[in-house]
Every structure is written in C-alpha cells, then in structure tokens.
Amino acid sequence: MLLAAIGFFFLGAWFYQIVSWFPRGGKSVTGTKSLIGQIGQIVRDNGTNMIVRVDGQNWNAKYQSVDRPPVGAKVKIISVKGLSLVIEPQNKLRKN
C-alpha cells in the first residue's frame with residue numbers, strides 16, 4: 001500500500017511536469033530570454049548606450065545600425081547580451 005502511494009506520487013509529479021510544460025512549447029517565460037520579441041520604447045540616449053523601457057523596467061540597450069532611432073521611438077528586442085538588449089526598429093523587416 002505504501003509503495004503504491006509513493007509510486008502514484010512520483011507518477012503524478014511527472015505527469016504535472018509534462019502537462020505544465022507542453023502548452024508553452026518549452027519556451028522561456030522568465031528571465032532575460034523572455035524579453036526577446038517584445039516591444040519597448042527608448043527613454044534616453046547618451047550617445048553610446050540607450051535606455052529602453054520594457055514592461056515598466058529600464059534596460060541598457062545597444063543599437064547595431066548606423067541610423068539611431070530617436071528618443072520615444074518603439075523598438076523590438078532581437079537578443080540579449082549580458083544585461084544589455086540588442087534592439088532594432090519595431091517596423092523593420094528581418095532578412096533570413
């Protein structure tokens with residue numbers, strides 16, 4: 001009886017992990033990886049770094065193009081390097 005209870009406990013824990021993971025497709029929902037693809041707004045540009053507001057938080061950001069967007073522009077986060085976001089204009093079409 002005790003072995004059956006222990007077995008059902010572990011089976012239930014395993015089943016819960018699969019059910020809770022499957023609908024999300026295994027994508028990260030927390031941490032810096034969850035920022036990729038989100039839209040932010042530039043709140044400050046000091047020439048070398050930009051400050052971008054995403055979900056009410058300010059993040060350092062790097063823009064990898066020659067034409068820098070103005071303060072107030074909407075940008076899309078394409079990757080995260082350390083604690084800095086790599087951004088591009090929101091309406092830019094990416095070439096793959």
# chains A, B, ... in the order shown; residues from 1 in each chain; ligands from 1

$ select_by_dssp --residues "chain A" --states "strand (DSSP E)" --output "JSON, numbers by chain"
{"A": [39, 40, 41, 42, 43, 44, 45, 50, 51, 52, 53, 54, 57, 58, 59, 60, 61, 62, 63, 74, 75, 76, 77, 78, 79, 80, 81, 84, 85, 86, 87, 88, 89]}

$ residues_around --residues "region 62-74 of chain A" --least-positions-apart "4" --cutoff "7 Å" --atoms "only C-alpha atoms" --output "ChimeraX atom specification"
/A:39-45,49-50,84-90

$ write_last_selection --atoms "C-alpha atoms" --output "tab-separated table (two decimals), in the first residue's frame"
chain	number	residue	atom	x	y	z
A	39	ILE	CA	8.39	45.93	-27.92
A	40	GLY	CA	9.99	48.67	-25.85
A	41	GLN	CA	10.37	52.43	-26.02
A	42	ILE	CA	13.59	54.42	-25.97
A	43	VAL	CA	13.59	56.76	-22.98
A	44	ARG	CA	17.18	58.05	-23.11
A	45	ASP	CA	20.15	58.07	-25.49
A	49	ASN	CA	24.07	53.36	-24.83
A	50	MET	CA	20.34	53.72	-24.94
A	84	SER	CA	22.07	44.72	-22.43
A	85	LEU	CA	19.34	44.38	-25.01
A	86	VAL	CA	20.08	44.38	-28.73
A	87	ILE	CA	17.31	46.30	-30.47
A	88	GLU	CA	16.03	47.20	-33.93
A	89	PRO	CA	13.20	49.45	-35.12
A	90	GLN	CA	9.77	47.95	-34.49

$ closest_residue --among "A:Gln57, A:Thr32, A:Leu2, A:Phe9" --to "Lys81 (chain A)" --atoms "only C-alpha atoms"
A:Thr32

$ select_by_dssp --residues "chain A" --states "alpha helix (DSSP H)" --output "PDB file with N, CA, C and O atoms, in the first residue's frame"
ATOM      1  N   LEU A   2       1.913   1.260   0.829  1.00  0.00           N
ATOM      2  CA  LEU A   2       2.815   2.407   0.901  1.00  0.00           C
ATOM      3  C   LEU A   2       3.584   2.572  -0.405  1.00  0.00           C
ATOM      4  O   LEU A   2       3.745   3.702  -0.891  1.00  0.00           O
ATOM      5  N   LEU A   3       4.034   1.470  -0.989  1.00  0.00           N
ATOM      6  CA  LEU A   3       4.741   1.551  -2.271  1.00  0.00           C
ATOM      7  C   LEU A   3       3.833   2.084  -3.376  1.00  0.00           C
ATOM      8  O   LEU A   3       4.277   2.850  -4.232  1.00  0.00           O
ATOM      9  N   ALA A   4       2.584   1.692  -3.366  1.00  0.00           N
ATOM     10  CA  ALA A   4       1.637   2.193  -4.364  1.00  0.00           C
ATOM     11  C   ALA A   4       1.444   3.702  -4.209  1.00  0.00           C
ATOM     12  O   ALA A   4       1.404   4.440  -5.193  1.00  0.00           O
ATOM     13  N   ALA A   5       1.335   4.178  -2.971  1.00  0.00           N
ATOM     14  CA  ALA A   5       1.162   5.614  -2.721  1.00  0.00           C
ATOM     15  C   ALA A   5       2.390   6.393  -3.193  1.00  0.00           C
ATOM     16  O   ALA A   5       2.256   7.454  -3.827  1.00  0.00           O
ATOM     17  N   ILE A   6       3.577   5.875  -2.905  1.00  0.00           N
ATOM     18  CA  ILE A   6       4.805   6.546  -3.348  1.00  0.00           C
ATOM     19  C   ILE A   6       4.891   6.544  -4.866  1.00  0.00           C
ATOM     20  O   ILE A   6       5.230   7.559  -5.486  1.00  0.00           O
ATOM     21  N   GLY A   7       4.540   5.433  -5.479  1.00  0.00           N
ATOM     22  CA  GLY A   7       4.559   5.343  -6.943  1.00  0.00           C
ATOM     23  C   GLY A   7       3.596   6.329  -7.581  1.00  0.00           C
ATOM     24  O   GLY A   7       3.933   6.999  -8.558  1.00  0.00           O
ATOM     25  N   PHE A   8       2.368   6.423  -7.043  1.00  0.00           N
ATOM     26  CA  PHE A   8       1.395   7.375  -7.588  1.00  0.00           C
ATOM     27  C   PHE A   8       1.836   8.817  -7.388  1.00  0.00           C
ATOM     28  O   PHE A   8       1.580   9.681  -8.224  1.00  0.00           O
ATOM     29  N   PHE A   9       2.518   9.089  -6.274  1.00  0.00           N
ATOM     30  CA  PHE A   9       3.031  10.441  -6.040  1.00  0.00           C
ATOM     31  C   PHE A   9       4.027  10.835  -7.127  1.00  0.00           C
ATOM     32  O   PHE A   9       3.927  11.908  -7.718  1.00  0.00           O
ATOM     33  N   PHE A  10       4.997   9.962  -7.405  1.00  0.00           N
ATOM     34  CA  PHE A  10       6.001  10.274  -8.419  1.00  0.00           C
ATOM     35  C   PHE A  10       5.403  10.296  -9.822  1.00  0.00           C
ATOM     36  O   PHE A  10       5.788  11.118 -10.650  1.00  0.00           O
ATOM     37  N   LEU A  11       4.454   9.436 -10.086  1.00  0.00           N
ATOM     38  CA  LEU A  11       3.777   9.446 -11.383  1.00  0.00           C
ATOM     39  C   LEU A  11       3.006  10.753 -11.572  1.00  0.00           C
ATOM     40  O   LEU A  11       3.037  11.360 -12.638  1.00  0.00           O
ATOM     41  N   GLY A  12       2.348  11.199 -10.514  1.00  0.00           N
ATOM     42  CA  GLY A  12       1.613  12.467 -10.577  1.00  0.00           C
ATOM     43  C   GLY A  12       2.545  13.656 -10.776  1.00  0.00           C
ATOM     44  O   GLY A  12       2.249  14.572 -11.539  1.00  0.00           O
ATOM     45  N   ALA A  13       3.687  13.650 -10.089  1.00  0.00           N
ATOM     46  CA  ALA A  13       4.654  14.741 -10.251  1.00  0.00           C
ATOM     47  C   ALA A  13       5.212  14.764 -11.664  1.00  0.00           C
ATOM     48  O   ALA A  13       5.351  15.833 -12.270  1.00  0.00           O
ATOM     49  N   TRP A  14       5.493  13.600 -12.226  1.00  0.00           N
ATOM     50  CA  TRP A  14       5.991  13.509 -13.604  1.00  0.00           C
ATOM     51  C   TRP A  14       4.933  13.996 -14.590  1.00  0.00           C
ATOM     52  O   TRP A  14       5.214  14.770 -15.501  1.00  0.00           O
ATOM     53  N   PHE A  15       3.688  13.569 -14.387  1.00  0.00           N
ATOM     54  CA  PHE A  15       2.605  13.974 -15.275  1.00  0.00           C
ATOM     55  C   PHE A  15       2.375  15.489 -15.201  1.00  0.00           C
ATOM     56  O   PHE A  15       2.150  16.142 -16.216  1.00  0.00           O
ATOM     57  N   TYR A  16       2.466  16.058 -14.008  1.00  0.00           N
ATOM     58  CA  TYR A  16       2.292  17.505 -13.848  1.00  0.00           C
ATOM     59  C   TYR A  16       3.362  18.278 -14.613  1.00  0.00           C
ATOM     60  O   TYR A  16       3.066  19.284 -15.253  1.00  0.00           O
ATOM     61  N   GLN A  17       4.596  17.798 -14.580  1.00  0.00           N
ATOM     62  CA  GLN A  17       5.681  18.465 -15.312  1.00  0.00           C
ATOM     63  C   GLN A  17       5.399  18.460 -16.808  1.00  0.00           C
ATOM     64  O   GLN A  17       5.584  19.459 -17.490  1.00  0.00           O
ATOM     65  N   ILE A  18       4.954  17.351 -17.332  1.00  0.00           N
ATOM     66  CA  ILE A  18       4.670  17.262 -18.768  1.00  0.00           C
ATOM     67  C   ILE A  18       3.488  18.147 -19.145  1.00  0.00           C
ATOM     68  O   ILE A  18       3.543  18.892 -20.114  1.00  0.00           O
ATOM     69  N   VAL A  19       2.426  18.102 -18.377  1.00  0.00           N
ATOM     70  CA  VAL A  19       1.237  18.897 -18.688  1.00  0.00           C
ATOM     71  C   VAL A  19       1.530  20.388 -18.586  1.00  0.00           C
ATOM     72  O   VAL A  19       1.078  21.178 -19.411  1.00  0.00           O
ATOM     73  N   SER A  20       2.293  20.801 -17.589  1.00  0.00           N
ATOM     74  CA  SER A  20       2.568  22.229 -17.428  1.00  0.00           C
ATOM     75  C   SER A  20       3.587  22.729 -18.442  1.00  0.00           C
ATOM     76  O   SER A  20       3.624  23.905 -18.763  1.00  0.00           O
ATOM     77  N   TRP A  21       4.441  21.864 -18.977  1.00  0.00           N
ATOM     78  CA  TRP A  21       5.460  22.275 -19.940  1.00  0.00           C
ATOM     79  C   TRP A  21       4.926  22.272 -21.364  1.00  0.00           C
ATOM     80  O   TRP A  21       5.225  23.157 -22.145  1.00  0.00           O
TER      81      TRP A  21
END

$ atom_distance --atom1 "CA of Gly82 (chain A)" --atom2 "CA of Gly56 (chain A)"
19.5 Å

$ closest_residue --among "A:Val54, A:Val75, A:Asn91, A:Thr48" --to "Leu35 (chain A)" --atoms "only C-alpha atoms"
A:Val54

$ closest_residue --among "A:Gly31, A:Gly37, A:Trp59, A:Met1" --to "Lys76 (chain A)" --atoms "only C-alpha atoms"
A:Gly37

$ decode --residues "chain A" --atoms "C-alpha atoms" --output "PDB file, in the first residue's frame"
ATOM      1  CA  MET A   1       0.000   0.000   0.000  1.00  0.00           C
ATOM      2  CA  LEU A   2       2.815   2.407   0.901  1.00  0.00           C
ATOM      3  CA  LEU A   3       4.741   1.551  -2.271  1.00  0.00           C
ATOM      4  CA  ALA A   4       1.637   2.193  -4.364  1.00  0.00           C
ATOM      5  CA  ALA A   5       1.162   5.614  -2.721  1.00  0.00           C
ATOM      6  CA  ILE A   6       4.805   6.546  -3.348  1.00  0.00           C
ATOM      7  CA  GLY A   7       4.559   5.343  -6.943  1.00  0.00           C
ATOM      8  CA  PHE A   8       1.395   7.375  -7.588  1.00  0.00           C
ATOM      9  CA  PHE A   9       3.031  10.441  -6.040  1.00  0.00           C
ATOM     10  CA  PHE A  10       6.001  10.274  -8.419  1.00  0.00           C
ATOM     11  CA  LEU A  11       3.777   9.446 -11.383  1.00  0.00           C
ATOM     12  CA  GLY A  12       1.613  12.467 -10.577  1.00  0.00           C
ATOM     13  CA  ALA A  13       4.654  14.741 -10.251  1.00  0.00           C
ATOM     14  CA  TRP A  14       5.991  13.509 -13.604  1.00  0.00           C
ATOM     15  CA  PHE A  15       2.605  13.974 -15.275  1.00  0.00           C
ATOM     16  CA  TYR A  16       2.292  17.505 -13.848  1.00  0.00           C
ATOM     17  CA  GLN A  17       5.681  18.465 -15.312  1.00  0.00           C
ATOM     18  CA  ILE A  18       4.670  17.262 -18.768  1.00  0.00           C
ATOM     19  CA  VAL A  19       1.237  18.897 -18.688  1.00  0.00           C
ATOM     20  CA  SER A  20       2.568  22.229 -17.428  1.00  0.00           C
ATOM     21  CA  TRP A  21       5.460  22.275 -19.940  1.00  0.00           C
ATOM     22  CA  PHE A  22       3.698  21.117 -23.115  1.00  0.00           C
ATOM     23  CA  PRO A  23       1.233  24.011 -23.727  1.00  0.00           C
ATOM     24  CA  ARG A  24       4.045  26.581 -23.559  1.00  0.00           C
ATOM     25  CA  GLY A  25       6.117  24.717 -26.109  1.00  0.00           C
ATOM     26  CA  GLY A  26       9.095  24.783 -23.778  1.00  0.00           C
ATOM     27  CA  LYS A  27       9.714  28.495 -24.306  1.00  0.00           C
ATOM     28  CA  SER A  28      11.303  30.553 -21.580  1.00  0.00           C
ATOM     29  CA  VAL A  29       8.744  32.659 -19.733  1.00  0.00           C
ATOM     30  CA  THR A  30      11.056  34.277 -17.183  1.00  0.00           C
ATOM     31  CA  GLY A  31      14.439  35.925 -17.189  1.00  0.00           C
ATOM     32  CA  THR A  32      16.090  37.899 -19.940  1.00  0.00           C
ATOM     33  CA  LYS A  33      15.176  35.404 -22.675  1.00  0.00           C
ATOM     34  CA  SER A  34      11.519  36.252 -22.164  1.00  0.00           C
ATOM     35  CA  LEU A  35      12.274  39.804 -23.398  1.00  0.00           C
ATOM     36  CA  ILE A  36      13.173  38.671 -26.926  1.00  0.00           C
ATOM     37  CA  GLY A  37      10.478  39.735 -29.369  1.00  0.00           C
ATOM     38  CA  GLN A  38       8.891  42.280 -27.041  1.00  0.00           C
ATOM     39  CA  ILE A  39       8.387  45.927 -27.925  1.00  0.00           C
ATOM     40  CA  GLY A  40       9.993  48.670 -25.854  1.00  0.00           C
ATOM     41  CA  GLN A  41      10.366  52.434 -26.019  1.00  0.00           C
ATOM     42  CA  ILE A  42      13.587  54.423 -25.974  1.00  0.00           C
ATOM     43  CA  VAL A  43      13.587  56.761 -22.982  1.00  0.00           C
ATOM     44  CA  ARG A  44      17.177  58.049 -23.110  1.00  0.00           C
ATOM     45  CA  ASP A  45      20.152  58.072 -25.490  1.00  0.00           C
ATOM     46  CA  ASN A  46      23.534  59.179 -24.175  1.00  0.00           C
ATOM     47  CA  GLY A  47      25.455  58.518 -27.389  1.00  0.00           C
ATOM     48  CA  THR A  48      26.960  55.141 -26.510  1.00  0.00           C
ATOM     49  CA  ASN A  49      24.072  53.363 -24.826  1.00  0.00           C
ATOM     50  CA  MET A  50      20.341  53.720 -24.943  1.00  0.00           C
ATOM     51  CA  ILE A  51      17.884  53.160 -22.136  1.00  0.00           C
ATOM     52  CA  VAL A  52      14.809  51.233 -23.240  1.00  0.00           C
ATOM     53  CA  ARG A  53      11.671  50.776 -21.138  1.00  0.00           C
ATOM     54  CA  VAL A  54      10.116  47.319 -21.408  1.00  0.00           C
ATOM     55  CA  ASP A  55       7.206  46.280 -19.184  1.00  0.00           C
ATOM     56  CA  GLY A  56       7.881  49.199 -16.844  1.00  0.00           C
ATOM     57  CA  GLN A  57      11.584  48.381 -16.397  1.00  0.00           C
ATOM     58  CA  ASN A  58      14.550  50.291 -17.814  1.00  0.00           C
ATOM     59  CA  TRP A  59      17.242  48.291 -19.628  1.00  0.00           C
ATOM     60  CA  ASN A  60      20.536  49.238 -21.268  1.00  0.00           C
ATOM     61  CA  ALA A  61      20.322  48.678 -24.992  1.00  0.00           C
ATOM     62  CA  LYS A  62      22.640  48.618 -27.959  1.00  0.00           C
ATOM     63  CA  TYR A  63      21.612  49.527 -31.477  1.00  0.00           C
ATOM     64  CA  GLN A  64      23.694  47.912 -34.190  1.00  0.00           C
ATOM     65  CA  SER A  65      22.844  50.120 -37.139  1.00  0.00           C
ATOM     66  CA  VAL A  66      24.231  53.460 -38.278  1.00  0.00           C
ATOM     67  CA  ASP A  67      20.898  55.298 -38.074  1.00  0.00           C
ATOM     68  CA  ARG A  68      19.953  55.568 -34.416  1.00  0.00           C
ATOM     69  CA  PRO A  69      16.251  55.868 -33.617  1.00  0.00           C
ATOM     70  CA  PRO A  70      15.160  58.982 -31.704  1.00  0.00           C
ATOM     71  CA  VAL A  71      14.104  59.061 -28.071  1.00  0.00           C
ATOM     72  CA  GLY A  72      10.480  57.956 -27.839  1.00  0.00           C
ATOM     73  CA  ALA A  73      10.704  55.516 -30.760  1.00  0.00           C
ATOM     74  CA  LYS A  74       9.316  51.998 -30.421  1.00  0.00           C
ATOM     75  CA  VAL A  75      11.891  49.231 -30.826  1.00  0.00           C
ATOM     76  CA  LYS A  76      11.843  45.448 -30.931  1.00  0.00           C
ATOM     77  CA  ILE A  77      14.234  43.373 -28.833  1.00  0.00           C
ATOM     78  CA  ILE A  78      16.084  40.872 -31.022  1.00  0.00           C
ATOM     79  CA  SER A  79      18.544  39.412 -28.485  1.00  0.00           C
ATOM     80  CA  VAL A  80      20.078  39.829 -25.054  1.00  0.00           C
ATOM     81  CA  LYS A  81      23.829  40.049 -24.431  1.00  0.00           C
ATOM     82  CA  GLY A  82      24.611  40.015 -20.737  1.00  0.00           C
ATOM     83  CA  LEU A  83      22.318  42.630 -19.252  1.00  0.00           C
ATOM     84  CA  SER A  84      22.073  44.717 -22.433  1.00  0.00           C
ATOM     85  CA  LEU A  85      19.344  44.384 -25.009  1.00  0.00           C
ATOM     86  CA  VAL A  86      20.078  44.376 -28.731  1.00  0.00           C
ATOM     87  CA  ILE A  87      17.314  46.295 -30.472  1.00  0.00           C
ATOM     88  CA  GLU A  88      16.030  47.196 -33.925  1.00  0.00           C
ATOM     89  CA  PRO A  89      13.199  49.452 -35.122  1.00  0.00           C
ATOM     90  CA  GLN A  90       9.771  47.948 -34.488  1.00  0.00           C
ATOM     91  CA  ASN A  91       8.717  48.009 -38.127  1.00  0.00           C
ATOM     92  CA  LYS A  92      11.966  46.695 -39.679  1.00  0.00           C
ATOM     93  CA  LEU A  93      11.627  43.575 -41.797  1.00  0.00           C
ATOM     94  CA  ARG A  94      14.292  40.967 -40.975  1.00  0.00           C
ATOM     95  CA  LYS A  95      16.045  39.094 -43.774  1.00  0.00           C
ATOM     96  CA  ASN A  96      16.551  35.386 -43.104  1.00  0.00           C
TER      97      ASN A  96
END
